[in-house]
Amino acid sequence: MAIKRAQVVILGSGCAGLTAAIYTARANLSPVVLEGREAGGQLMWTTTVENFPGFPEGVLGPDLIDNMRKQAQKFGADTRFEHADEVDFSKRPFVIRTSDAEYHADSVIIATGATAKTLGLPSEMHFMGSGVSTCATCDGAFYKGKVVALVGGGDSAAEEATFLTRFADKVYLIHRRDRLRASKIMADRLLANPKVIPLWNTAVEDVIGSEEPHRHVTGIRIKNLDSGNVSEMAIDGLFLAIGHKPNTEVFGEQLAKTEGGFLLTRSAMAWKGTASDPAWSETYPNYATSTSSEGVFACGDVVDTHYRQAITAAGTGCASALDCEKWLESLHKS
Ligand code: NAP
C-alpha cells in the first residue's frame with residue numbers, strides 16, 4: 001500500500017474541513033483532504049442557504065461546497081475521495097489508513113461532521129428518500145398542499161416543522177414527551193401556527209406505504225405512550241428531526257468524547273468549566289481546538305452540540321487551521 005507523508009491531513013470535506021484546507025494550504029502546509037463517504041457534508045443535502053454571510057440572494061449548498069473545494073485546491077490542497085478506515089494517534093507521525101493508501105501525518109484536523117439520527121425502524125429506511133426525510137429544508141417543497149408529520153421536540157424540530165408549514169396543509173408534530181425541549185420563542189411560534197397539530201407522548205412504530213406506481217408513504221402507525229393505544233394515521237411524508245450522531249466511531253477510545261460521542265476540544269472543556277484539568281490546560285495552553293491528543297485538532301459539527309451552522313463550522317475550521325499551523329511552528333522552535 002502506498003505511504004504518503006503529509007504535514008496536515010484533514011478528515012472531512014464539509015464547511016469546516018474545506019475552510020481548514022483553505023487556511024492550511026495558504027500557510028504552505030500542503031494539506032491532504034480525505035473527503036470521506038459523504039463528500040461535502042450536510043450542505044450537499046440542502047437547497048438554498050440563505051444565512052451564509054456574503055450571499056444576499058442565497059447560495060445553493062452544493063455550489064457553496066464546490067466553490068470552497070475549488071478555493072482550497074487553488075492554494076494547493078490535495079483533495080481525495082477517500083475515507084479513513086483506521087487511525088493511530090498514539091504516536092507521531094499519526095497514521096491514517098484508507099482503502100487506497102496509508103498517510104503519515106505530523107498533524108490531523110478532524111472535521112468529520114455529524115449524521116442525522118433515525119428511529120431505527122426497518123420501514124423507515126425502506127422509505128428513506130421516498131417519503132421519509134431527515135432534512136425538511138431539502139425536501140419540504142415536495143409536500144405542497146399535503147399532510148406531513150415531523151418527529152422531535154428540540155430546536156431543529158421546531159425550526160423544521162415551522163418551515164414545513166410553508167408548504168404542507170397540515171404538520172403533525174410527534175413528540176415522545178408532553179412538552180418541547182426547544183427554546184421558548186421557537187416552541188411558542190411553532191405551537192401558535194394553526195397548521196401545526198401536536199401529538200404529545202407519542203411514538204412512531206411503523207411507516208406504511210406502497211410500491212405502486214412508485215415507492216411512497218401513505219401513513220404511519222403511532223403509539224400513545226400514556227394509554228398504550230396504537231392507531232394508524234394517513235400522511236404523505238414523515239420528517240425526522242431527532243438530533244445528530246457525530247461521525248467519531250473510527251477514533252474509538254483514542255480521543256476524549258462527550259457522552260453523545262462528540263469530540264471534546266479544549267474550548268469545550270473551558271466552556272464546561274473543566275479546563276483546569278492539568279492534562280488540558282498545561283499541555284496545550286493556546287489551542288482552543290485541540291483534542292485530547294496533542295497535534296490532533298477538531299472543528300465543525302463533530303464537536304458542536306449547540307450551534308451547528310455552516311458559518312460556525314467554517315469559523316471553527318479556520319480556528320483549527322490556525323491552531324494547527326501555530327502548533328507545527330512550535331515543534332520546529334523547540
Ligand atoms: P436535540 O436538542 O438533541 O433534540 C432532539 C429531539 O429529538 C429531542 O426532543 C428528543 O426527545 C427527540 N428524540 C431523540 N431521539 C429520539 C427517538 N429515538 N425517538 C423520538 N424522539 C427522539 O437536537 P436538535 O433539535 O437537532 O438540536 C441540537 C442542537 O442544535 C441544540 O443545542 C439546539 O439548541 C441547536 N439548534 C439550534 C437552532 C437555532 O437556534 N436556530 C436550530 C436547530 C438546532 P427528548 O426531548 O425526549 O430528549
# chains A, B, ... in the order shown; residues from 1 in each chain; ligands from 1
>>> residues_near_ligand(ligand="ligand 1", cutoff="10 Å", atoms="only C-alpha atoms and all ligand atoms", output="PyMOL selection string")
chain A and resi 116-121+150-160+174-183+185-186+201-205+240-245+260+301+304-309
>>> write_last_selection(atoms="C-alpha atoms", output="short mmCIF file (atom, residue, chain, number, x, y, z; two decimals), in the first residue's frame")
data_model
loop_
_atom_site.label_atom_id
_atom_site.label_comp_id
_atom_site.auth_asym_id
_atom_site.auth_seq_id
_atom_site.Cartn_x
_atom_site.Cartn_y
_atom_site.Cartn_z
CA ALA A 116 -28.91 12.76 11.24
CA LYS A 117 -30.33 10.20 13.69
CA THR A 118 -33.14 7.90 12.67
CA LEU A 119 -35.73 5.95 14.69
CA GLY A 120 -34.28 2.52 13.92
CA LEU A 121 -37.37 1.15 12.15
CA LEU A 150 -42.38 15.51 11.94
CA VAL A 151 -40.83 13.65 14.88
CA GLY A 152 -38.78 15.50 17.51
CA GLY A 153 -39.02 18.08 20.24
CA GLY A 154 -35.83 20.16 20.04
CA ASP A 155 -34.92 23.38 18.25
CA SER A 156 -34.41 21.52 14.98
CA ALA A 157 -37.90 20.05 15.23
CA ALA A 158 -39.39 23.48 15.98
CA GLU A 159 -37.48 25.14 13.15
CA GLU A 160 -38.16 22.42 10.60
CA ILE A 174 -44.99 13.94 17.08
CA HIS A 175 -43.06 14.07 20.34
CA ARG A 176 -42.41 11.37 22.90
CA ARG A 177 -42.89 13.78 25.82
CA ASP A 178 -45.62 16.23 26.83
CA ARG A 179 -43.51 19.32 26.17
CA LEU A 180 -40.86 20.52 23.78
CA ARG A 181 -37.24 20.97 24.75
CA ALA A 182 -36.92 23.66 22.05
CA SER A 183 -36.21 27.24 23.14
CA ILE A 185 -39.51 31.53 21.45
CA MET A 186 -39.26 28.81 18.80
CA ASN A 201 -46.42 11.37 24.35
CA THR A 202 -46.49 9.63 21.03
CA ALA A 203 -44.02 7.39 19.20
CA VAL A 204 -43.92 6.26 15.59
CA GLU A 205 -43.93 2.46 15.43
CA LEU A 240 -37.25 13.19 11.40
CA ALA A 241 -35.59 15.91 13.50
CA ILE A 242 -34.33 13.89 16.45
CA GLY A 243 -30.75 15.05 16.60
CA HIS A 244 -27.44 14.14 15.01
CA LYS A 245 -24.84 11.49 15.68
CA GLY A 260 -23.02 11.60 22.98
CA ASP A 301 -20.27 19.59 13.74
CA ASP A 304 -20.58 21.16 18.04
CA THR A 305 -23.63 20.14 20.04
CA HIS A 306 -25.08 23.60 20.04
CA TYR A 307 -24.75 25.92 17.04
CA ARG A 308 -24.47 23.55 14.06
CA GLN A 309 -24.47 26.26 11.42
#
>>> residues_around(residues="range 90-93 of chain A", least_positions_apart="4", cutoff="8 Å", atoms="only C-alpha atoms", output="PyMOL selection string")
chain A and resi 104-107+254
>>> residues_around(residues="Arg215 in chain A", least_positions_apart="3", cutoff="10 Å", atoms="only C-alpha atoms", output="VMD selection string")
chain A and resid 126 to 131 209 to 212 218
>>> write_last_selection(atoms="C-alpha atoms", output="PDB file, in the first residue's frame")
ATOM      1  CA  HIS A 126     -37.155   1.351   3.240  1.00  0.00           C
ATOM      2  CA  PHE A 127     -38.947   4.643   2.555  1.00  0.00           C
ATOM      3  CA  MET A 128     -35.938   6.935   3.193  1.00  0.00           C
ATOM      4  CA  GLY A 129     -35.827   9.376   0.277  1.00  0.00           C
ATOM      5  CA  SER A 130     -39.274   8.188  -0.896  1.00  0.00           C
ATOM      6  CA  GLY A 131     -41.474   9.840   1.711  1.00  0.00           C
ATOM      7  CA  GLY A 209     -46.549   2.880   2.168  1.00  0.00           C
ATOM      8  CA  SER A 210     -46.918   1.438  -1.267  1.00  0.00           C
ATOM      9  CA  GLU A 211     -44.636   0.493  -4.136  1.00  0.00           C
ATOM     10  CA  GLU A 212     -47.236   1.478  -6.773  1.00  0.00           C
ATOM     11  CA  THR A 218     -49.245   6.637   2.824  1.00  0.00           C
TER      12      THR A 218
END
>>> atom_distance(atom1="CA of Val59 in chain A", atom2="CA of Ala310 in chain A")
12.0 Å
>>> residues_around(residues="range 141-143 of chain A", least_positions_apart="3", cutoff="12 Å", atoms="only C-alpha atoms", output="number ranges by chain")
A: 46-48, 129-133, 135-138, 146-149, 163-171, 217, 235-239
>>> closest_residue(among="A:Ala27, A:Val49, A:Leu199, A:Met44", to="Glu325 in chain A", atoms="only C-alpha atoms")
A:Ala27
>>> select_by_dssp(residues="range 76-161 of chain A", states="strand (DSSP E or B)", output="count of residues only")
31
>>> closest_residue(among="A:Asn247, A:Ala114, A:His216, A:Val108", to="Val296 in chain A", atoms="only C-alpha atoms")
A:Val108
>>> residues_around(residues="range 51-55 of chain A", least_positions_apart="4", cutoff="12 Å", atoms="only C-alpha atoms", output="ChimeraX atom specification")
/A:15,43,59-61,63-65,309-315
>>> write_last_selection(atoms="C-alpha atoms", output="tab-separated table (two decimals), in the first residue's frame")
chain	number	residue	atom	x	y	z
A	15	CYS	CA	-17.66	23.67	5.56
A	43	LEU	CA	-24.75	21.11	2.79
A	59	VAL	CA	-26.48	30.18	-2.42
A	60	LEU	CA	-27.13	26.51	-3.20
A	61	GLY	CA	-25.46	24.26	-0.61
A	63	ASP	CA	-22.43	25.23	-5.02
A	64	LEU	CA	-21.06	26.69	-1.78
A	65	ILE	CA	-19.15	23.45	-1.12
A	309	GLN	CA	-24.47	26.26	11.42
A	310	ALA	CA	-22.48	26.32	8.17
A	311	ILE	CA	-20.85	29.57	9.22
A	312	THR	CA	-19.87	28.34	12.70
A	313	ALA	CA	-18.42	25.19	11.13
A	314	ALA	CA	-16.40	27.35	8.74
A	315	GLY	CA	-15.33	29.53	11.69
>>> closest_residue(among="A:Lys184, A:Lys257, A:His83, A:Arg266", to="Thr98 in chain A", atoms="only C-alpha atoms")
A:His83
>>> residues_around(residues="Trp327 in chain A", least_positions_apart="6", cutoff="10 Å", atoms="only C-alpha atoms", output="VMD selection string")
chain A and resid 107 284 286 to 287 290 294 to 296 321 333
>>> write_last_selection(atoms="N, CA, C and O atoms", output="compact mmCIF listing (two decimals), in the first residue's frame")
# COMPACT_ATOMS: atom_id res chain seq x y z
N SER A 107 0.30 16.30 11.71
CA SER A 107 -0.86 16.79 12.46
C SER A 107 -2.13 16.38 11.71
O SER A 107 -2.08 16.08 10.51
N TYR A 284 -1.65 21.96 26.34
CA TYR A 284 -2.00 22.68 25.11
C TYR A 284 -2.58 24.03 25.46
O TYR A 284 -3.77 24.27 25.27
N ASN A 286 -2.57 27.02 24.31
CA ASN A 286 -3.04 28.05 23.38
C ASN A 286 -3.94 27.54 22.27
O ASN A 286 -4.27 28.28 21.37
N TYR A 287 -4.31 26.29 22.33
CA TYR A 287 -5.01 25.74 21.17
C TYR A 287 -6.44 25.34 21.54
O TYR A 287 -6.69 24.23 22.00
N SER A 290 -7.74 22.05 20.11
CA SER A 290 -7.00 20.81 20.34
C SER A 290 -7.92 19.74 20.92
O SER A 290 -8.73 20.02 21.80
N GLU A 294 -2.40 15.58 21.55
CA GLU A 294 -1.62 16.73 21.06
C GLU A 294 -1.32 16.56 19.58
O GLU A 294 -0.86 15.49 19.14
N GLY A 295 -1.60 17.61 18.81
CA GLY A 295 -1.35 17.56 17.37
C GLY A 295 -2.58 17.14 16.57
O GLY A 295 -2.56 17.17 15.34
N VAL A 296 -3.64 16.76 17.26
CA VAL A 296 -4.90 16.42 16.59
C VAL A 296 -5.93 17.48 16.98
O VAL A 296 -6.18 17.69 18.17
N ALA A 321 -7.29 25.38 11.75
CA ALA A 321 -6.14 25.54 10.85
C ALA A 321 -5.08 26.44 11.49
O ALA A 321 -3.88 26.15 11.43
N LYS A 333 10.45 25.16 16.61
CA LYS A 333 11.17 26.06 17.50
C LYS A 333 11.84 25.28 18.64
O LYS A 333 12.88 25.63 19.11
>>> residues_around(residues="Leu34 in chain A", least_positions_apart="2", cutoff="7 Å", atoms="only C-alpha atoms", output="number ranges by chain")
A: 10-12, 32, 36, 79-83
>>> select_by_dssp(residues="range 105-250 of chain A", states="helix (DSSP H, G or I)", output="ChimeraX atom specification")
/A:122-126,136-143,155-164,184-191,249-250
>>> atom_distance(atom1="CA of Ala84 in chain A", atom2="CA of Lys4 in chain A")
13.7 Å
>>> atom_distance(atom1="CA of Phe75 in chain A", atom2="CA of Thr19 in chain A")
11.8 Å
